[in-house]
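Note sheet for the following structure.
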Amino acid sequence: MGIKSSWLSNDETSLIQACIQGNRAAQQKLFEVYSPKMLGVAFRYANSREEAEDMLQEGFIRIFQKLNTFRFQGSFEGWIRRIIVNTAINHIRKYQNLKYECEIEEAYYIPAASSDAIASMYTREVIQLLHDLPLGYRTVLNLYAIEGYSHREIGEMLGIEESSSRSQYTRAKSLLQKRLQKLEEYGIAENDKASHQ
Amino acid sequence: MTRLRINRSLEEELARKAEDFRVEPSQGLWESVASQLPAKKPFPFKKVFLGTGVAAIAALSFLLPNPKPNTPVVEEIVQSTELTLDAANSISETTTKPRTKSIISSSKLISEAEVSHQEASLISVWQPISEITGLTAQIAEPEIQLSPSSPIAIAASKPSVTEFNKRSWFNRDGLNLVISSSLDQSYRNMIAKNDLSAEVVNRREASDKMLTGYRIGADLRYYLTNSFSVGLGFHYGSWGENLGITNGIHTPYYDSLGRANGHNPTEMYRPGTTHRYSNQYRYVEIPLMFFTERPVGQNLSLGAGLGMSAIYNDARSCLNYDYQMSHYVKDPGIFRTWNSNLMAAVQLRFQSSENLSFLAGPSIKYSLFSTFRESYPVDQHQYAISWNFGFQWKLFQPKPKHRLN
């Protein structure tokens, strides 16, 4: 191949090339390097750890199958991440019925929760907060706020209108803010933080 | 405005927290992934297929500018034989050898084979004549006014006799029957027709891309010239694939889903490596091929052909993945439809007798099998490399077109 990119170290390039050649040890190394972070990505879309591992498994099989199409340009982690996210979305579309219903009055109530609440929480608590959102809301919030996809792209990925993606996101964020505000009111976040210390 | 700032900040905080989030996979997850990966890099069938195609095209381009067809050569020889009769008669008058005249005068009808025989006779005639009369140098001179293409002139040059012999056996004009068979090895690439079937494709790609098969058939090949022929045939063939499967998930949900769709839950499988299952297909095809040939040695010709065929495919005993049920299920009618092929072939033909010749050579074939089945909407692009062998029998020989007066 012989193509090198400033994004990739020599070791990483060699590892990828070995994986393309079907070297099983190199493939295992690649899996070990990226699987914890990618399982974290899949976990945000899944309902359970088991489902997240299913997504991860399917995603890595696809990664190894498509690795020869990687052009050694741009971030390799970003390339892997896109495949994992797409796999998770396909998985959700196949196995889950994306529903966006929730308590309407709750969704439209937009409290003025600050991001300080999130900043003061542990990562796992934030993920748990995301997990508690309805699947449809959580999916759009993940794709827009965390992955950085546009509403047009999200619409194409989920098979919904762009305007639907916007409205779902607004509702998801409102619901999240309301729950954050409750946490602030009850000081749960602070207590949790103290208990972890 | 304040709210916008806060919201943006909320998103940033979410992204930052999510970026830090890591989960260690369970023990055995890598083994599960590895079991669904191909053991080694697959044979580069696409490259070999394309390479063979390029070679076939190159062979065609080499063969197409073939020398002038055989028929004019025969006509030329026949016409010049008439001139030769006069020349030979005039020569024979100066000799006391009676057999010269008798041989030539007995030539009433010259067919393709007989021309060859007469040519040989003329050589044998010419040699004693030249011995007796010592006219070799004079006859070879232009002032003798023999046609340059006359058999006597040809006889003066031994290689042209060989050339003529080649053309004589090479000429297959008329209708020929070709009985042939082949052993096939194929590579398959599947293209999903929608997002949901993409996963089907990805799962199958890991286990079954290689196919093996055979074909038998009969073709009628008509030679338009001595070097160009067209063939129409009827073939029967079969191909099979090995699937990697594992036991199905037997939960009440999947079992009831399978029954609702007319499947036996005990015959539902998941992709995996526990067992191998052989999917068998059979087909009939009607090929139309265009061939060009050229002599490459004594009784041997090299040919190349291009063509296409209509193919009707049928499944004999098949499992196909159904993404709606996430299982392989039996669906024998899924590819029961007409499709199309493109083919290219190279062949060596060995002439063993007047009417019989034997054929052998490689060929490549591209096939497209499509299904619009909701549970399996894919295009299957199949690239086959085959080794063909068979024989060719001349069904009839055209009537002779030329008579000597």
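Ordered as shown in the structure tokens, chains take letters A, B, and onward, while each chain numbers its residues from 1 and ligands are numbered from 1 in the order shown.
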Output as a VMD selection string all residues of region 181-318 of chain B that backbone DSSP marks as helix (DSSP H, G or I).
chain B and resid 195 to 205 252 to 260 265 to 267
Do you know which residues are at most 7 Å from Ala172 (chain A) counting only C-alpha atoms, after dropping those on the same chain fewer than 6 positions away, and could you put them as a ChimeraX atom specification?
/A:137-138,141
Please produce a file of the residues just selected, as a PDB file, in the first residue's frame, where the atoms kept are N, CA and C atoms.
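See again18.pdb below for the written result:
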ATOM      1  N   TYR A 137     -35.751   9.608  21.067  1.00  0.00           N
ATOM      2  CA  TYR A 137     -35.124  10.855  21.523  1.00  0.00           C
ATOM      3  C   TYR A 137     -33.623  10.655  21.706  1.00  0.00           C
ATOM      4  N   ARG A 138     -33.306   9.553  22.356  1.00  0.00           N
ATOM      5  CA  ARG A 138     -31.905   9.275  22.659  1.00  0.00           C
ATOM      6  C   ARG A 138     -31.077   9.158  21.361  1.00  0.00           C
ATOM      7  N   LEU A 141     -30.623  12.614  19.812  1.00  0.00           N
ATOM      8  CA  LEU A 141     -29.718  13.404  20.658  1.00  0.00           C
ATOM      9  C   LEU A 141     -28.271  12.934  20.498  1.00  0.00           C
TER      10      LEU A 141
END
Taking a cut-off of 6 Å and counting only C-alpha atoms, can you build a table that, for each residue of chain A near chain B, reports the nearest atom pair and how far apart they are in Å (one decimal), sorted by chain then residue number, as a Markdown table?
| residue | atom | partner | partner_atom | distance |
| --- | --- | --- | --- | --- |
| A:Gln21 | CA | B:Lys41 | CA | 6.0 |
| A:Gly22 | CA | B:Lys40 | CA | 5.1 |
| A:Pro36 | CA | B:Glu24 | CA | 4.8 |
| A:Lys37 | CA | B:Arg22 | CA | 4.7 |
| A:Leu39 | CA | B:Val23 | CA | 5.7 |
| A:Gly40 | CA | B:Arg22 | CA | 4.7 |
| A:Gln57 | CA | B:Val33 | CA | 5.7 |
| A:Ser115 | CA | B:Leu10 | CA | 4.6 |
| A:Thr123 | CA | B:Lys17 | CA | 5.3 |
| A:Ala145 | CA | B:Glu11 | CA | 5.3 |
| A:Ile146 | CA | B:Ala15 | CA | 4.6 |
Work out how far apart CA of Ser238 (chain B) and CA of Ile286 (chain B) are and give it in Å to one decimal.
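Separation of CA of Ser238 (chain B) and CA of Ile286 (chain B): 14.5 Å.
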